[in-house]
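To be precise, the following lines are structure.pdb, and they hold PDB, N, CA and C atoms and all ligand atoms.
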ATOM      1  N   MET A 276     361.913  34.791 197.138
ATOM      2  CA  MET A 276     361.661  34.616 195.710
ATOM      3  C   MET A 276     362.931  34.575 194.850
ATOM      4  N   PRO A 277     364.121  35.023 195.338
ATOM      5  CA  PRO A 277     365.330  34.922 194.494
ATOM      6  C   PRO A 277     365.592  33.491 194.035
ATOM      7  N   ASN A 278     365.281  32.536 194.886
ATOM      8  CA  ASN A 278     365.505  31.137 194.536
ATOM      9  C   ASN A 278     364.688  30.722 193.315
ATOM     10  N   LEU A 279     363.464  31.164 193.269
ATOM     11  CA  LEU A 279     362.593  30.849 192.138
ATOM     12  C   LEU A 279     363.114  31.531 190.873
ATOM     13  N   GLU A 280     363.521  32.790 191.009
ATOM     14  CA  GLU A 280     364.058  33.519 189.861
ATOM     15  C   GLU A 280     365.296  32.820 189.313
ATOM     16  N   TYR A 281     366.138  32.347 190.225
ATOM     17  CA  TYR A 281     367.343  31.625 189.816
ATOM     18  C   TYR A 281     366.987  30.369 189.034
ATOM     19  N   LYS A 282     366.019  29.641 189.557
ATOM     20  CA  LYS A 282     365.592  28.409 188.884
ATOM     21  C   LYS A 282     365.034  28.709 187.492
ATOM     22  N   LEU A 283     364.254  29.783 187.413
ATOM     23  CA  LEU A 283     363.667  30.153 186.120
ATOM     24  C   LEU A 283     364.757  30.529 185.123
ATOM     25  N   LEU A 284     365.754  31.250 185.601
ATOM     26  CA  LEU A 284     366.866  31.651 184.740
ATOM     27  C   LEU A 284     367.607  30.424 184.229
ATOM     28  N   MET A 285     367.886  29.481 185.144
ATOM     29  CA  MET A 285     368.575  28.248 184.759
ATOM     30  C   MET A 285     367.737  27.466 183.745
ATOM     31  N   PHE A 286     366.457  27.484 183.987
ATOM     32  CA  PHE A 286     365.554  26.784 183.081
ATOM     33  C   PHE A 286     365.642  27.390 181.679
ATOM     34  N   ARG A 287     365.617  28.701 181.617
ATOM     35  CA  ARG A 287     365.705  29.400 180.343
ATOM     36  C   ARG A 287     367.024  29.091 179.638
ATOM     37  N   LEU A 288     368.101  29.075 180.396
ATOM     38  CA  LEU A 288     369.421  28.887 179.798
ATOM     39  C   LEU A 288     369.643  27.452 179.333
ATOM     40  N   ASN A 289     369.053  26.524 180.039
ATOM     41  CA  ASN A 289     369.349  25.113 179.757
ATOM     42  C   ASN A 289     368.388  24.438 178.799
ATOM     43  N   THR A 290     367.352  25.142 178.464
ATOM     44  CA  THR A 290     366.321  24.458 177.685
ATOM     45  C   THR A 290     366.376  24.824 176.207
ATOM     46  N   GLU A 291     365.939  23.887 175.405
ATOM     47  CA  GLU A 291     365.856  24.116 173.975
ATOM     48  C   GLU A 291     364.438  24.504 173.577
ATOM     49  N   THR A 292     363.551  24.559 174.561
ATOM     50  CA  THR A 292     362.137  24.786 174.257
ATOM     51  C   THR A 292     361.902  26.193 173.733
ATOM     52  N   ASN A 293     360.801  26.383 173.087
ATOM     53  CA  ASN A 293     360.495  27.696 172.510
ATOM     54  C   ASN A 293     359.900  28.649 173.540
ATOM     55  N   GLU A 294     359.793  29.890 173.128
ATOM     56  CA  GLU A 294     359.324  30.981 173.982
ATOM     57  C   GLU A 294     357.973  30.646 174.643
ATOM     58  N   LYS A 295     357.062  30.079 173.877
ATOM     59  CA  LYS A 295     355.718  29.760 174.392
ATOM     60  C   LYS A 295     355.815  28.722 175.516
ATOM     61  N   GLU A 296     356.670  27.711 175.315
ATOM     62  CA  GLU A 296     356.828  26.680 176.343
ATOM     63  C   GLU A 296     357.448  27.246 177.614
ATOM     64  N   ILE A 297     358.383  28.181 177.445
ATOM     65  CA  ILE A 297     359.003  28.830 178.608
ATOM     66  C   ILE A 297     357.939  29.635 179.363
ATOM     67  N   ASP A 298     357.144  30.395 178.621
ATOM     68  CA  ASP A 298     356.074  31.178 179.238
ATOM     69  C   ASP A 298     355.103  30.278 179.999
ATOM     70  N   ASP A 299     354.727  29.157 179.369
ATOM     71  CA  ASP A 299     353.812  28.220 180.024
ATOM     72  C   ASP A 299     354.419  27.679 181.308
ATOM     73  N   GLU A 300     355.703  27.358 181.249
ATOM     74  CA  GLU A 300     356.401  26.806 182.400
ATOM     75  C   GLU A 300     356.424  27.806 183.555
ATOM     76  N   ILE A 301     356.721  29.069 183.217
ATOM     77  CA  ILE A 301     356.748  30.127 184.227
ATOM     78  C   ILE A 301     355.351  30.325 184.814
ATOM     79  N   SER A 302     354.337  30.322 183.949
ATOM     80  CA  SER A 302     352.951  30.457 184.419
ATOM     81  C   SER A 302     352.596  29.346 185.387
ATOM     82  N   ASN A 303     352.962  28.112 185.030
ATOM     83  CA  ASN A 303     352.662  26.973 185.888
ATOM     84  C   ASN A 303     353.350  27.094 187.240
ATOM     85  N   LEU A 304     354.606  27.531 187.209
ATOM     86  CA  LEU A 304     355.360  27.709 188.454
ATOM     87  C   LEU A 304     354.706  28.749 189.356
ATOM     88  N   LEU A 305     354.377  29.904 188.773
ATOM     89  CA  LEU A 305     353.764  30.972 189.568
ATOM     90  C   LEU A 305     352.397  30.538 190.085
ATOM     91  N   ASN A 306     351.712  29.748 189.273
ATOM     92  CA  ASN A 306     350.412  29.241 189.697
ATOM     93  C   ASN A 306     350.551  28.254 190.849
ATOM     94  N   ASP A 307     351.465  27.286 190.711
ATOM     95  CA  ASP A 307     351.676  26.276 191.751
ATOM     96  C   ASP A 307     352.165  26.888 193.046
ATOM     97  N   LYS A 308     353.166  27.783 192.943
ATOM     98  CA  LYS A 308     353.825  28.308 194.146
ATOM     99  C   LYS A 308     353.023  29.395 194.831
ATOM    100  N   PHE A 309     352.395  30.272 194.018
ATOM    101  CA  PHE A 309     351.777  31.455 194.614
ATOM    102  C   PHE A 309     350.283  31.570 194.330
ATOM    103  N   GLY A 310     349.720  30.620 193.588
ATOM    104  CA  GLY A 310     348.303  30.693 193.249
ATOM    105  C   GLY A 310     347.973  31.873 192.359
ATOM    106  N   LEU A 311     348.905  32.223 191.460
ATOM    107  CA  LEU A 311     348.687  33.369 190.576
ATOM    108  C   LEU A 311     348.278  32.934 189.175
ATOM    109  N   ASN A 312     347.458  33.759 188.553
ATOM    110  CA  ASN A 312     347.078  33.554 187.154
ATOM    111  C   ASN A 312     347.005  34.895 186.446
ATOM    112  N   ILE A 313     347.107  34.844 185.122
ATOM    113  CA  ILE A 313     347.070  36.081 184.344
ATOM    114  C   ILE A 313     345.641  36.416 183.933
ATOM    115  N   CYS A 314     345.287  37.687 184.126
ATOM    116  CA  CYS A 314     343.993  38.169 183.649
ATOM    117  C   CYS A 314     344.023  38.171 182.123
ATOM    118  N   ASN A 315     343.019  37.542 181.487
ATOM    119  CA  ASN A 315     342.968  37.461 180.025
ATOM    120  C   ASN A 315     342.820  38.830 179.365
ATOM    121  N   ALA A 316     342.284  39.787 180.096
ATOM    122  CA  ALA A 316     342.014  41.093 179.498
ATOM    123  C   ALA A 316     343.195  42.060 179.627
ATOM    124  N   CYS A 317     343.702  42.282 180.845
ATOM    125  CA  CYS A 317     344.773  43.278 181.019
ATOM    126  C   CYS A 317     346.142  42.621 181.195
ATOM    127  N   GLU A 318     346.184  41.288 181.218
ATOM    128  CA  GLU A 318     347.421  40.519 181.279
ATOM    129  C   GLU A 318     348.315  40.861 182.467
ATOM    130  N   THR A 319     347.692  41.133 183.617
ATOM    131  CA  THR A 319     348.461  41.300 184.846
ATOM    132  C   THR A 319     348.287  40.031 185.685
ATOM    133  N   TRP A 320     349.241  39.776 186.587
ATOM    134  CA  TRP A 320     349.148  38.627 187.486
ATOM    135  C   TRP A 320     348.175  38.921 188.601
ATOM    136  N   GLN A 321     347.339  37.945 188.893
ATOM    137  CA  GLN A 321     346.317  38.117 189.917
ATOM    138  C   GLN A 321     346.270  36.879 190.794
ATOM    139  N   ASN A 322     345.761  37.052 192.016
ATOM    140  CA  ASN A 322     345.523  35.920 192.885
ATOM    141  C   ASN A 322     344.274  35.187 192.396
ATOM    142  N   SER A 323     344.455  33.939 191.951
ATOM    143  CA  SER A 323     343.367  33.177 191.314
ATOM    144  C   SER A 323     342.116  33.079 192.177
ATOM    145  N   GLU A 324     342.343  32.867 193.472
ATOM    146  CA  GLU A 324     341.234  32.560 194.372
ATOM    147  C   GLU A 324     340.332  33.746 194.646
ATOM    148  N   ASN A 325     340.934  34.903 194.963
ATOM    149  CA  ASN A 325     340.074  35.993 195.412
ATOM    150  C   ASN A 325     340.158  37.285 194.615
ATOM    151  N   GLN A 326     340.868  37.268 193.483
ATOM    152  CA  GLN A 326     340.902  38.492 192.677
ATOM    153  C   GLN A 326     340.423  38.261 191.247
ATOM    154  N   MET A 327     339.830  37.091 190.984
ATOM    155  CA  MET A 327     339.469  36.797 189.596
ATOM    156  C   MET A 327     338.081  36.196 189.444
ATOM    157  N   TYR A 328     337.542  36.401 188.247
ATOM    158  CA  TYR A 328     336.283  35.762 187.860
ATOM    159  C   TYR A 328     336.604  34.670 186.843
ATOM    160  N   TRP A 329     336.116  33.455 187.108
ATOM    161  CA  TRP A 329     336.432  32.315 186.244
ATOM    162  C   TRP A 329     335.226  31.822 185.468
ATOM    163  N   GLN A 330     335.490  31.529 184.196
ATOM    164  CA  GLN A 330     334.478  30.924 183.345
ATOM    165  C   GLN A 330     333.985  29.630 183.976
ATOM    166  N   GLY A 331     332.654  29.495 184.090
ATOM    167  CA  GLY A 331     332.075  28.255 184.596
ATOM    168  C   GLY A 331     332.046  28.124 186.111
ATOM    169  N   GLU A 332     332.659  29.081 186.821
ATOM    170  CA  GLU A 332     332.685  28.953 188.279
ATOM    171  C   GLU A 332     331.838  29.991 188.989
ATOM    172  N   GLU A 333     331.242  30.895 188.214
ATOM    173  CA  GLU A 333     330.392  31.906 188.823
ATOM    174  C   GLU A 333     328.955  31.669 188.340
ATOM    175  N   ASP A 334     328.105  32.669 188.504
ATOM    176  CA  ASP A 334     326.733  32.518 188.018
ATOM    177  C   ASP A 334     326.681  32.593 186.483
ATOM    178  N   THR A 335     325.505  32.312 185.920
ATOM    179  CA  THR A 335     325.342  32.257 184.467
ATOM    180  C   THR A 335     325.674  33.590 183.799
ATOM    181  N   THR A 336     325.223  34.690 184.398
ATOM    182  CA  THR A 336     325.476  36.008 183.824
ATOM    183  C   THR A 336     326.974  36.251 183.680
ATOM    184  N   THR A 337     327.727  35.921 184.722
ATOM    185  CA  THR A 337     329.178  36.091 184.689
ATOM    186  C   THR A 337     329.798  35.255 183.578
ATOM    187  N   SER A 338     329.413  33.995 183.497
ATOM    188  CA  SER A 338     329.943  33.102 182.464
ATOM    189  C   SER A 338     329.599  33.606 181.066
ATOM    190  N   ASP A 339     328.377  34.111 180.894
ATOM    191  CA  ASP A 339     327.946  34.634 179.598
ATOM    192  C   ASP A 339     328.810  35.812 179.167
ATOM    193  N   ILE A 340     329.084  36.713 180.119
ATOM    194  CA  ILE A 340     329.903  37.890 179.810
ATOM    195  C   ILE A 340     331.312  37.460 179.416
ATOM    196  N   LEU A 341     331.902  36.527 180.159
ATOM    197  CA  LEU A 341     333.250  36.038 179.847
ATOM    198  C   LEU A 341     333.260  35.349 178.486
ATOM    199  N   ASP A 342     332.236  34.544 178.254
ATOM    200  CA  ASP A 342     332.074  33.801 177.005
ATOM    201  C   ASP A 342     332.081  34.720 175.803
ATOM    202  N   LYS A 343     331.320  35.785 175.908
ATOM    203  CA  LYS A 343     331.134  36.747 174.834
ATOM    204  C   LYS A 343     332.470  37.313 174.369
ATOM    205  N   HIS A 344     333.414  37.451 175.317
ATOM    206  CA  HIS A 344     334.710  38.043 174.981
ATOM    207  C   HIS A 344     335.792  36.981 174.790
ATOM    208  N   GLY A 345     335.418  35.730 174.959
ATOM    209  CA  GLY A 345     336.383  34.645 174.783
ATOM    210  C   GLY A 345     337.402  34.560 175.899
ATOM    211  N   TYR A 346     337.049  35.023 177.095
ATOM    212  CA  TYR A 346     337.961  34.975 178.234
ATOM    213  C   TYR A 346     337.690  33.761 179.120
ATOM    214  N   THR A 347     338.766  33.195 179.674
ATOM    215  CA  THR A 347     338.630  32.121 180.651
ATOM    216  C   THR A 347     338.607  32.699 182.058
ATOM    217  N   ALA A 348     339.462  33.702 182.283
ATOM    218  CA  ALA A 348     339.543  34.328 183.597
ATOM    219  C   ALA A 348     339.956  35.787 183.467
ATOM    220  N   VAL A 349     339.285  36.657 184.181
ATOM    221  CA  VAL A 349     339.689  38.068 184.219
ATOM    222  C   VAL A 349     339.728  38.549 185.669
ATOM    223  N   CYS A 350     340.476  39.639 185.901
ATOM    224  CA  CYS A 350     340.570  40.191 187.252
ATOM    225  C   CYS A 350     339.290  40.960 187.584
ATOM    226  N   ASP A 351     339.139  41.290 188.853
ATOM    227  CA  ASP A 351     337.962  42.016 189.328
ATOM    228  C   ASP A 351     337.730  43.291 188.522
ATOM    229  N   LYS A 352     338.827  44.061 188.356
ATOM    230  CA  LYS A 352     338.737  45.353 187.681
ATOM    231  C   LYS A 352     338.203  45.188 186.261
ATOM    232  N   CYS A 353     338.772  44.260 185.510
ATOM    233  CA  CYS A 353     338.357  44.051 184.124
ATOM    234  C   CYS A 353     336.931  43.527 184.062
ATOM    235  N   PHE A 354     336.584  42.666 185.007
ATOM    236  CA  PHE A 354     335.221  42.147 184.978
ATOM    237  C   PHE A 354     334.211  43.260 185.188
ATOM    238  N   HIS A 355     334.520  44.164 186.093
ATOM    239  CA  HIS A 355     333.590  45.262 186.345
ATOM    240  C   HIS A 355     333.445  46.159 185.127
ATOM    241  N   LYS A 356     334.548  46.326 184.374
ATOM    242  CA  LYS A 356     334.470  47.092 183.119
ATOM    243  C   LYS A 356     333.556  46.396 182.119
ATOM    244  N   LEU A 357     333.732  45.071 181.981
ATOM    245  CA  LEU A 357     332.910  44.295 181.038
ATOM    246  C   LEU A 357     331.438  44.372 181.432
ATOM    247  N   GLU A 358     331.223  44.313 182.735
ATOM    248  CA  GLU A 358     329.874  44.352 183.274
ATOM    249  C   GLU A 358     329.209  45.702 182.956
ATOM    250  N   GLU A 359     330.002  46.774 183.086
ATOM    251  CA  GLU A 359     329.485  48.120 182.777
ATOM    252  C   GLU A 359     329.117  48.234 181.312
ATOM    253  N   GLN A 360     330.003  47.732 180.430
ATOM    254  CA  GLN A 360     329.718  47.737 178.984
ATOM    255  C   GLN A 360     328.407  47.022 178.709
ATOM    256  N   GLU A 361     328.230  45.936 179.419
ATOM    257  CA  GLU A 361     327.046  45.098 179.254
ATOM    258  C   GLU A 361     325.762  45.870 179.599
ATOM    259  N   ASN A 362     325.850  46.692 180.618
ATOM    260  CA  ASN A 362     324.672  47.409 181.099
ATOM    261  C   ASN A 362     324.387  48.708 180.361
ATOM    262  N   ASN A 363     325.319  49.100 179.451
ATOM    263  CA  ASN A 363     325.097  50.347 178.716
ATOM    264  C   ASN A 363     324.407  50.113 177.373
TER     265      ASN A 363
HETATM  266 ZN    ZN A 401     342.398  42.510 184.227
END
Here is the file; what I need is its structure written in the form of structure tokens.
Ligand SMILES: [Zn+2]
Amino acid sequence: MPNLEYKLLMFRLNTETNEKEIDDEISNLLNDKFGLNICNACETWQNSENQMYWQGEEDTTTSDILDKHGYTAVCDKCFHKLEEQENN
């Protein structure tokens, strides 16, 4: 991973783009290389395939819960919290 970090650093130093564009670029890189995405709720990096719940890719109940909070994707832990709130 040092190689990726080096590239990201060079990217930051050489670019005129704003903070948001840099963040997007880093997100895209981590997504492409490692299949990682950020949980919308706790903002930690997660494995997209097997540690997250995605809007529109699960059953209706799951999508409804995500919809209600305006989330596109959350990690397992956060989803279970949302689910508990829902049932109380
Ligand atoms: Zn989370």
Problem set entry | Picked residues, the PyMOL selection byres (((chain A and resi 326) around 7) and not hetatm), expected as a VMD selection string | chain A and resid 321 to 325 327 to 328 349 to 352
For this session: One decimal, Å: what's the distance from atom N of Ile313 of chain A over to atom CA of Asn289 of chain A, could you say?
Result: 24.9 Å
Exercise. Taking into account all atoms listed in the file, which residue in the set A:Thr319, A:Asn278, A:Asn306, A:Asn312 is nearest to ligand ZN 401 (chain A)?
Worked result: A:Thr319
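In this model, the gap between atom C of Asp307 of chain A and atom CA of Phe286 of chain A comes to 16.7 Å.
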Exercise. Between A:Leu357, A:Leu341, A:Ile297, A:Cys317, which one has atoms that come closest to ligand ZN 401 (chain A), using only C-alpha atoms and all ligand atoms?
Worked result: A:Cys317
Would you mind writing down, as a CSV table (one decimal) with N, CA and C atoms, keeping the file's coordinate frame, each residue of segment 279-344 of chain A that DSSP on the backbone assigns to strand (DSSP E)?
chain,number,residue,atom,x,y,z
A,311,LEU,N,348.9,32.2,191.5
A,311,LEU,CA,348.7,33.4,190.6
A,311,LEU,C,348.3,32.9,189.2
A,312,ASN,N,347.5,33.8,188.6
A,312,ASN,CA,347.1,33.6,187.2
A,312,ASN,C,347.0,34.9,186.4
A,313,ILE,N,347.1,34.8,185.1
A,313,ILE,CA,347.1,36.1,184.3
A,313,ILE,C,345.6,36.4,183.9
A,320,TRP,N,349.2,39.8,186.6
A,320,TRP,CA,349.1,38.6,187.5
A,320,TRP,C,348.2,38.9,188.6
A,321,GLN,N,347.3,37.9,188.9
A,321,GLN,CA,346.3,38.1,189.9
A,321,GLN,C,346.3,36.9,190.8
A,322,ASN,N,345.8,37.1,192.0
A,322,ASN,CA,345.5,35.9,192.9
A,322,ASN,C,344.3,35.2,192.4
A,327,MET,N,339.8,37.1,191.0
A,327,MET,CA,339.5,36.8,189.6
A,327,MET,C,338.1,36.2,189.4
A,328,TYR,N,337.5,36.4,188.2
A,328,TYR,CA,336.3,35.8,187.9
A,328,TYR,C,336.6,34.7,186.8
A,329,TRP,N,336.1,33.5,187.1
A,329,TRP,CA,336.4,32.3,186.2
A,329,TRP,C,335.2,31.8,185.5
For this session: Could you check which of A:Glu280, A:Glu294, A:Asp299, A:Glu318 is closest to ligand ZN 401 (chain A), using all atoms listed in the file?
Result: A:Glu318
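Minimum atom-to-atom distance to ligand ZN 401 (chain A), evaluated using all atoms listed in the file, belongs to A:Ala316 out of A:Glu358, A:Lys308, A:Ser338, A:Ala316.
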Using only N, CA and C atoms, determine which residues lie at most 8 Å from Ile340 of chain A, disregarding the query and same-chain residues fewer than 5 positions distant; provide the list as a CSV table (one decimal) with N, CA and C atoms, keeping the file's coordinate frame.
chain,number,residue,atom,x,y,z
A,334,ASP,N,328.1,32.7,188.5
A,334,ASP,CA,326.7,32.5,188.0
A,334,ASP,C,326.7,32.6,186.5
A,335,THR,N,325.5,32.3,185.9
A,335,THR,CA,325.3,32.3,184.5
A,335,THR,C,325.7,33.6,183.8
A,345,GLY,N,335.4,35.7,175.0
A,345,GLY,CA,336.4,34.6,174.8
A,345,GLY,C,337.4,34.6,175.9
A,346,TYR,N,337.0,35.0,177.1
A,346,TYR,CA,338.0,35.0,178.2
A,346,TYR,C,337.7,33.8,179.1
A,357,LEU,N,333.7,45.1,182.0
A,357,LEU,CA,332.9,44.3,181.0
A,357,LEU,C,331.4,44.4,181.4
A,358,GLU,N,331.2,44.3,182.7
A,358,GLU,CA,329.9,44.4,183.3
A,358,GLU,C,329.2,45.7,183.0
A,361,GLU,N,328.2,45.9,179.4
A,361,GLU,CA,327.0,45.1,179.3
A,361,GLU,C,325.8,45.9,179.6
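Taking atom CA of Cys314 of chain A and atom N of Lys343 of chain A as endpoints, the distance between them is 15.0 Å.
Take the candidates A:Asn293, A:Asn303, A:Asn362, A:Asn315 and check each one against Asp342 of chain A using only C-alpha atoms; the shortest distance goes to A:Asn315.
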